[in-house]
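One file, final.csv, carrying CSV, C-alpha atoms:
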chain,number,residue,atom,x,y,z
K,1,MET,CA,16.3,8.7,-42.2
K,2,GLN,CA,16.4,10.3,-45.6
K,3,VAL,CA,12.9,9.0,-46.3
K,4,TYR,CA,11.5,10.7,-43.3
K,5,ILE,CA,13.2,14.0,-44.2
K,6,ASN,CA,11.8,13.8,-47.7
K,7,ASN,CA,8.3,13.1,-46.4
K,8,VAL,CA,8.4,16.0,-44.0
K,9,THR,CA,9.6,18.3,-46.8
K,10,VAL,CA,6.8,17.2,-49.0
K,11,LEU,CA,4.3,17.6,-46.2
K,12,ILE,CA,5.5,21.2,-45.4
K,13,LEU,CA,5.4,22.1,-49.1
K,14,GLY,CA,2.0,20.5,-49.5
K,15,LEU,CA,0.6,22.6,-46.6
K,16,ILE,CA,2.2,25.8,-48.0
K,17,PHE,CA,0.7,25.1,-51.4
K,18,ALA,CA,-2.7,24.4,-49.8
K,19,SER,CA,-2.7,27.8,-48.0
K,20,ALA,CA,-1.4,29.6,-51.1
K,21,THR,CA,-4.1,28.0,-53.3
K,22,LYS,CA,-6.9,29.1,-50.9
K,23,CYS,CA,-5.4,32.6,-50.9
K,24,LEU,CA,-5.5,32.6,-54.7
K,25,VAL,CA,-9.1,31.4,-54.8
K,26,ASP,CA,-10.2,34.1,-52.3
K,27,SER,CA,-8.0,36.9,-53.7
K,28,GLU,CA,-9.9,39.7,-55.4
K,29,GLU,CA,-6.8,40.9,-57.1
K,30,LYS,CA,-5.4,37.9,-58.9
K,31,ARG,CA,-2.5,39.8,-60.6
K,32,SER,CA,-1.1,41.0,-57.3
K,33,PHE,CA,-1.5,37.7,-55.6
K,34,LEU,CA,2.2,36.6,-55.9
K,35,THR,CA,3.7,40.0,-55.0
K,36,ARG,CA,1.7,41.2,-52.0
K,37,ARG,CA,1.9,40.1,-48.4
K,38,SER,CA,-0.8,37.9,-46.9
K,39,GLN,CA,-3.4,39.9,-45.0
K,40,CYS,CA,-6.5,39.6,-43.0
K,41,SER,CA,-9.6,39.8,-45.3
K,42,ALA,CA,-11.5,41.7,-42.6
K,43,CYS,CA,-9.1,44.3,-41.2
K,44,LYS,CA,-6.4,44.2,-44.1
K,45,LYS,CA,-3.6,43.9,-41.5
K,46,GLU,CA,-0.5,42.2,-42.9
K,47,LEU,CA,0.0,38.8,-41.3
K,48,ASN,CA,3.3,37.8,-39.7
K,49,PHE,CA,5.1,34.4,-39.8
K,50,LEU,CA,3.3,33.0,-36.8
K,51,ASP,CA,-0.1,33.8,-38.3
K,52,LEU,CA,0.8,31.8,-41.4
K,53,ILE,CA,1.7,28.4,-39.9
K,54,PRO,CA,-0.8,26.0,-41.5
K,55,ILE,CA,-3.3,24.4,-39.1
K,56,VAL,CA,-1.3,25.3,-35.9
K,57,SER,CA,-2.0,29.0,-36.2
K,58,TYR,CA,-5.7,28.4,-36.8
K,59,LEU,CA,-6.1,26.2,-33.8
K,60,LEU,CA,-4.0,28.3,-31.4
K,61,LYS,CA,-5.9,31.4,-32.4
K,62,CYS,CA,-9.3,29.6,-32.1
K,63,GLY,CA,-10.0,30.4,-35.7
K,64,ARG,CA,-9.9,34.2,-35.2
K,65,CYS,CA,-7.6,37.0,-36.5
K,66,SER,CA,-4.9,38.0,-34.1
K,67,TYR,CA,-5.6,41.7,-34.7
K,68,CYS,CA,-9.3,42.3,-35.2
K,69,LYS,CA,-10.6,39.0,-33.7
K,70,SER,CA,-12.9,38.5,-36.7
K,71,ARG,CA,-13.6,34.8,-37.6
K,72,ILE,CA,-11.2,33.2,-40.1
K,73,PRO,CA,-13.2,31.2,-42.7
K,74,PHE,CA,-13.3,27.6,-41.7
K,75,ASP,CA,-12.7,26.4,-45.3
K,76,ILE,CA,-9.1,27.8,-45.0
K,77,PHE,CA,-8.6,25.2,-42.2
K,78,LEU,CA,-10.2,22.5,-44.3
K,79,TYR,CA,-7.8,23.0,-47.2
K,80,GLU,CA,-4.8,22.5,-44.9
K,81,PHE,CA,-6.4,19.7,-42.8
K,82,PHE,CA,-7.4,17.5,-45.8
K,83,THR,CA,-3.9,18.1,-47.4
K,84,LEU,CA,-2.3,16.9,-44.1
K,85,ILE,CA,-4.6,13.8,-43.8
K,86,VAL,CA,-4.2,12.7,-47.4
K,87,LEU,CA,-0.4,13.1,-47.4
K,88,ILE,CA,0.0,11.3,-44.0
K,89,PHE,CA,-2.0,8.4,-45.2
K,90,TYR,CA,0.0,8.2,-48.4
K,91,PHE,CA,3.3,8.2,-46.6
K,92,ILE,CA,2.0,5.5,-44.2
K,93,PHE,CA,0.7,3.2,-46.9
K,94,ASN,CA,2.7,4.1,-50.1
K,95,LYS,CA,4.8,0.9,-49.7
K,96,TYR,CA,1.6,-1.1,-50.4
K,97,PHE,CA,0.8,0.9,-53.6
K,98,ILE,CA,1.8,-0.4,-57.0
K,99,PHE,CA,1.3,2.6,-59.2
K,100,LEU,CA,0.1,5.5,-57.0
K,101,ASN,CA,2.5,8.5,-56.9
K,102,LEU,CA,2.4,12.1,-55.7
K,103,PHE,CA,0.7,13.1,-59.0
K,104,TYR,CA,-2.3,11.1,-58.1
K,105,ILE,CA,-2.3,12.3,-54.6
K,106,SER,CA,-2.0,15.9,-55.8
K,107,ILE,CA,-5.0,15.4,-58.1
K,108,LEU,CA,-7.0,13.9,-55.2
K,109,ILE,CA,-6.1,16.8,-53.0
K,110,TYR,CA,-7.1,19.4,-55.5
K,111,LEU,CA,-10.3,17.5,-56.2
K,112,ILE,CA,-11.0,17.9,-52.5
K,113,PHE,CA,-10.4,21.6,-52.8
K,114,ILE,CA,-12.9,21.8,-55.7
K,115,ALA,CA,-15.3,19.8,-53.5
K,116,ILE,CA,-15.0,22.3,-50.6
K,117,GLU,CA,-15.7,25.2,-52.9
K,118,ASP,CA,-18.6,23.3,-54.5
K,119,VAL,CA,-20.1,22.8,-51.1
K,120,ARG,CA,-19.5,26.5,-50.2
K,121,CYS,CA,-20.8,28.1,-53.4
K,122,LEU,CA,-22.2,25.3,-55.6
K,123,GLU,CA,-19.8,25.9,-58.5
K,124,VAL,CA,-16.4,24.6,-59.8
K,125,VAL,CA,-14.0,27.5,-59.2
K,126,ASP,CA,-12.0,28.3,-62.3
K,127,GLU,CA,-8.6,28.8,-60.6
K,128,LEU,CA,-8.8,25.4,-59.0
K,129,PHE,CA,-10.1,23.8,-62.2
K,130,TYR,CA,-7.1,25.0,-64.2
K,131,ILE,CA,-4.6,23.7,-61.7
K,132,PHE,CA,-6.5,20.5,-61.6
K,133,LEU,CA,-6.4,20.2,-65.4
K,134,LEU,CA,-2.6,20.9,-65.5
K,135,LEU,CA,-2.0,18.2,-62.8
K,136,ASN,CA,-3.9,15.6,-64.9
K,137,ILE,CA,-2.1,16.6,-68.1
K,138,GLY,CA,1.2,16.4,-66.1
K,139,LEU,CA,0.3,12.9,-64.9
K,140,LEU,CA,-0.5,11.8,-68.4
K,141,ILE,CA,2.9,13.0,-69.6
K,142,PHE,CA,4.7,11.5,-66.5
K,143,ASN,CA,3.1,8.1,-67.0
K,144,PHE,CA,4.1,8.2,-70.6
K,145,HIS,CA,1.5,5.6,-71.5
K,146,PHE,CA,-0.6,5.2,-74.7
K,147,PHE,CA,-3.5,7.6,-74.5
K,148,ASP,CA,-6.6,6.1,-76.1
K,149,ILE,CA,-8.2,9.3,-77.4
K,150,PHE,CA,-11.2,7.3,-78.8
K,151,GLU,CA,-12.0,5.9,-75.3
K,152,TRP,CA,-11.7,9.3,-73.9
K,153,LEU,CA,-13.9,10.9,-76.5
K,154,LEU,CA,-16.5,8.1,-76.0
K,155,LEU,CA,-16.6,8.8,-72.2
K,156,VAL,CA,-16.8,12.5,-72.8
K,157,GLY,CA,-19.7,11.9,-75.2
K,158,ILE,CA,-21.5,9.7,-72.7
K,159,TYR,CA,-21.0,12.3,-69.9
K,160,HIS,CA,-22.4,15.1,-72.2
K,161,ILE,CA,-25.4,12.9,-73.2
K,162,LEU,CA,-26.2,12.4,-69.5
K,163,TYR,CA,-25.8,16.1,-68.9
K,164,PHE,CA,-28.4,16.9,-71.5
K,165,ILE,CA,-30.7,14.1,-70.4
K,166,THR,CA,-30.8,15.4,-66.8
K,167,ARG,CA,-31.7,18.9,-68.1
K,168,GLY,CA,-29.5,20.9,-65.8
K,169,SER,CA,-29.8,18.6,-62.7
K,170,LEU,CA,-26.2,17.7,-63.4
K,171,GLY,CA,-24.0,20.9,-63.5
K,172,TYR,CA,-21.7,21.4,-66.4
K,173,GLY,CA,-18.8,22.1,-63.9
K,174,ASP,CA,-19.3,18.5,-62.7
K,175,ILE,CA,-19.1,17.3,-66.3
K,176,LYS,CA,-15.8,19.2,-66.8
K,177,VAL,CA,-14.3,17.5,-63.7
K,178,PHE,CA,-15.4,14.1,-65.0
K,179,CYS,CA,-13.9,14.7,-68.4
K,180,VAL,CA,-10.5,15.8,-66.9
K,181,LEU,CA,-10.3,12.9,-64.5
K,182,VAL,CA,-10.8,10.3,-67.2
K,183,LEU,CA,-7.6,11.5,-69.0
K,184,ASN,CA,-5.8,9.0,-66.7
K,185,LEU,CA,-8.5,6.4,-66.4
K,186,ASN,CA,-9.5,3.7,-68.9
K,187,PHE,CA,-13.0,3.3,-70.3
K,188,PHE,CA,-14.3,1.0,-67.6
K,189,GLU,CA,-12.8,3.0,-64.8
K,190,GLY,CA,-14.5,6.1,-66.3
K,191,ILE,CA,-17.8,4.2,-66.1
K,192,TYR,CA,-17.1,3.1,-62.5
K,193,LEU,CA,-16.2,6.6,-61.6
K,194,PHE,CA,-19.6,7.9,-62.8
K,195,ALA,CA,-21.4,4.9,-61.1
K,196,PHE,CA,-19.7,5.3,-57.8
K,197,THR,CA,-20.3,9.0,-57.8
K,198,PHE,CA,-24.1,8.7,-58.1
K,199,LEU,CA,-24.2,5.7,-55.8
K,200,TYR,CA,-22.7,7.8,-53.0
K,201,ALA,CA,-24.7,10.8,-53.9
K,202,GLY,CA,-27.9,8.8,-54.0
K,203,PHE,CA,-27.3,7.3,-50.6
K,204,PHE,CA,-26.6,10.7,-49.2
K,205,ALA,CA,-29.6,12.3,-50.8
K,206,LEU,CA,-31.8,9.5,-49.5
K,207,GLY,CA,-30.4,9.9,-46.0
K,208,ILE,CA,-31.0,13.6,-45.8
K,209,LEU,CA,-34.5,13.2,-47.2
K,210,VAL,CA,-35.4,10.5,-44.7
K,211,PHE,CA,-34.2,12.7,-41.8
K,212,LYS,CA,-35.9,15.7,-43.4
K,213,LYS,CA,-32.8,17.8,-43.4
K,214,VAL,CA,-33.6,19.3,-46.8
K,215,LYS,CA,-36.6,19.7,-49.0
K,216,ARG,CA,-37.1,17.6,-52.2
K,217,GLY,CA,-35.5,19.3,-55.2
K,218,THR,CA,-32.7,20.9,-53.1
K,219,LYS,CA,-29.5,21.1,-55.2
K,220,ILE,CA,-26.7,18.9,-53.8
K,221,PRO,CA,-23.0,19.6,-54.6
K,222,LEU,CA,-21.7,16.7,-56.6
K,223,VAL,CA,-17.9,17.1,-56.5
K,224,PRO,CA,-17.5,15.7,-53.0
K,225,PHE,CA,-19.0,12.4,-54.3
K,226,ILE,CA,-16.9,12.6,-57.4
K,227,ALA,CA,-13.9,12.7,-55.1
K,228,LEU,CA,-15.2,9.7,-53.2
K,229,GLY,CA,-15.8,7.9,-56.5
K,230,TYR,CA,-12.3,8.7,-57.8
K,231,PHE,CA,-10.8,7.4,-54.6
K,232,SER,CA,-12.8,4.2,-54.9
K,233,VAL,CA,-11.6,3.7,-58.4
K,234,LEU,CA,-8.0,4.1,-57.4
K,235,LEU,CA,-8.4,1.6,-54.6
K,236,ILE,CA,-10.1,-0.9,-56.9
K,237,ARG,CA,-7.3,-0.5,-59.4
K,238,GLU,CA,-4.8,-1.2,-56.7
K,239,GLY,CA,-6.7,-4.3,-55.6
K,240,ILE,CA,-6.9,-5.6,-59.2
K,241,LEU,CA,-3.2,-5.1,-59.8
K,242,TRP,CA,-2.3,-6.9,-56.6
structure tokens encoding of this file:
Amino acid sequence: MQVYINNVTVLILGLIFASATKCLVDSEEKRSFLTRRSQCSACKKELNFLDLIPIVSYLLKCGRCSYCKSRIPFDIFLYEFFTLIVLIFYFIFNKYFIFLNLFYISILIYLIFIAIEDVRCLEVVDELFYIFLLLNIGLLIFNFHFFDIFEWLLLVGIYHILYFITRGSLGYGDIKVFCVLVLNLNFFEGIYLFAFTFLYAGFFALGILVFKKVKRGTKIPLVPFIALGYFSVLLIREGILW
């Protein structure tokens, strides 16, 4: 019974943090973010408790503000939805995991947040990146394992060489995400991460070109595929440790 209570508590806190993170990203006044009440971005009306229930309020109100009926950005719902899905799957399957913990899950969730913003505006948002960096440093400290700085520097060097070789086709925000993720991966996992990312991105690009959804040369956000690559590396590590 206690396990279920703990899981529900983590789930509620996770959804609250997801909503708060999105508010931070969208807030024009970062300094007043923690002190002011939540409000509609269109009519500036302060929201009540029922307006702030993650996922449920969005669905019940059909994605529109209760007061001015303007459309609520869909990415707000996506933040909460993916947080819910990732946490539920973790709670269902965590007894089969050897090393995965909530630090890894939090990193994956924030990587998804970065991916959502990358799709929306083709950039790695600073506020999300700094939280993402702190989570990875926290995991490094929590695991308390020997950090091979030479392997990390070698991977960072390889990523930067590839960045310069591609001459801007690979965004530097993507490189920063790669460099932070490999703080808690070994050298080969860092190579696999890069390989899986471009494998997934390549298949996606080929698919949309075949179906003529975009023109050749169109810039594709890479962070969603980095998230898929990272998830693949974690699953492979679990499989090997089994």
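Restricting the calculation to all atoms listed in the file, the smallest distance between Asp126 of chain K and any of K:Val10, K:Cys62, K:Leu154, K:Ile114 is found for K:Ile114.
Remark: for Phe142 of chain K, the closest of the candidate residues K:Ile112, K:Ile76, K:Ile175, K:Leu102 is K:Leu102 (distances computed over all atoms listed in the file).
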So that I can check the surroundings of Ser106 of chain K, please list as a compact mmCIF listing (two decimals) with C-alpha atoms, keeping the file's coordinate frame every protein, DNA and RNA residue that reaches within 12 Å of it, counting only C-alpha atoms and ignoring chain neighbours fewer than 5 positions away.
# COMPACT_ATOMS: atom_id res chain seq x y z
CA VAL K 10 6.80 17.20 -49.00
CA LEU K 11 4.30 17.60 -46.20
CA LEU K 13 5.40 22.10 -49.10
CA GLY K 14 2.00 20.50 -49.50
CA LEU K 15 0.60 22.60 -46.60
CA PHE K 17 0.70 25.10 -51.40
CA ALA K 18 -2.70 24.40 -49.80
CA PHE K 82 -7.40 17.50 -45.80
CA THR K 83 -3.90 18.10 -47.40
CA LEU K 84 -2.30 16.90 -44.10
CA VAL K 86 -4.20 12.70 -47.40
CA LEU K 87 -0.40 13.10 -47.40
CA TYR K 90 0.00 8.20 -48.40
CA LEU K 100 0.10 5.50 -57.00
CA ASN K 101 2.50 8.50 -56.90
CA LEU K 111 -10.30 17.50 -56.20
CA ILE K 112 -11.00 17.90 -52.50
CA PHE K 113 -10.40 21.60 -52.80
CA ILE K 131 -4.60 23.70 -61.70
CA PHE K 132 -6.50 20.50 -61.60
CA LEU K 133 -6.40 20.20 -65.40
CA LEU K 134 -2.60 20.90 -65.50
CA LEU K 135 -2.00 18.20 -62.80
CA ASN K 136 -3.90 15.60 -64.90
CA GLY K 138 1.20 16.40 -66.10
CA LEU K 139 0.30 12.90 -64.90
> Restricting the calculation to all atoms listed in the file, which member of K:Leu108, K:Leu52, K:Leu24, K:Leu183 is positioned closest to Val125 of chain K?
Replying inline: K:Leu24
> Could you work out how far atom CA of Ala195 of chain K lies from atom CA of Leu170 of chain K, giving the answer in Å with one decimal?
Replying inline: 13.9 Å
>> Need the shell around Val177 of chain K: protein/DNA/RNA residues with any atom at most 9 Å away, counting all atoms listed in the file. Skip same-chain ones fewer than 2 positions apart. Format as a count of residues only?
In response: 15
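Residue neighbourhood of Asp51 of chain K, excluding near-sequence residues (fewer than 4 positions): K:Ser38, K:Gln39, K:Cys40, K:Glu46, K:Leu47, K:Ile55, K:Val56, K:Ser57, K:Tyr58, K:Leu60, K:Lys61, K:Cys65, K:Ser66, at 10 Å, using all atoms listed in the file.
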> At what distance in Å, to one decimal, does atom CA of Lys69 of chain K lie from atom CA of Pro54 of chain K?
Replying inline: 18.1 Å
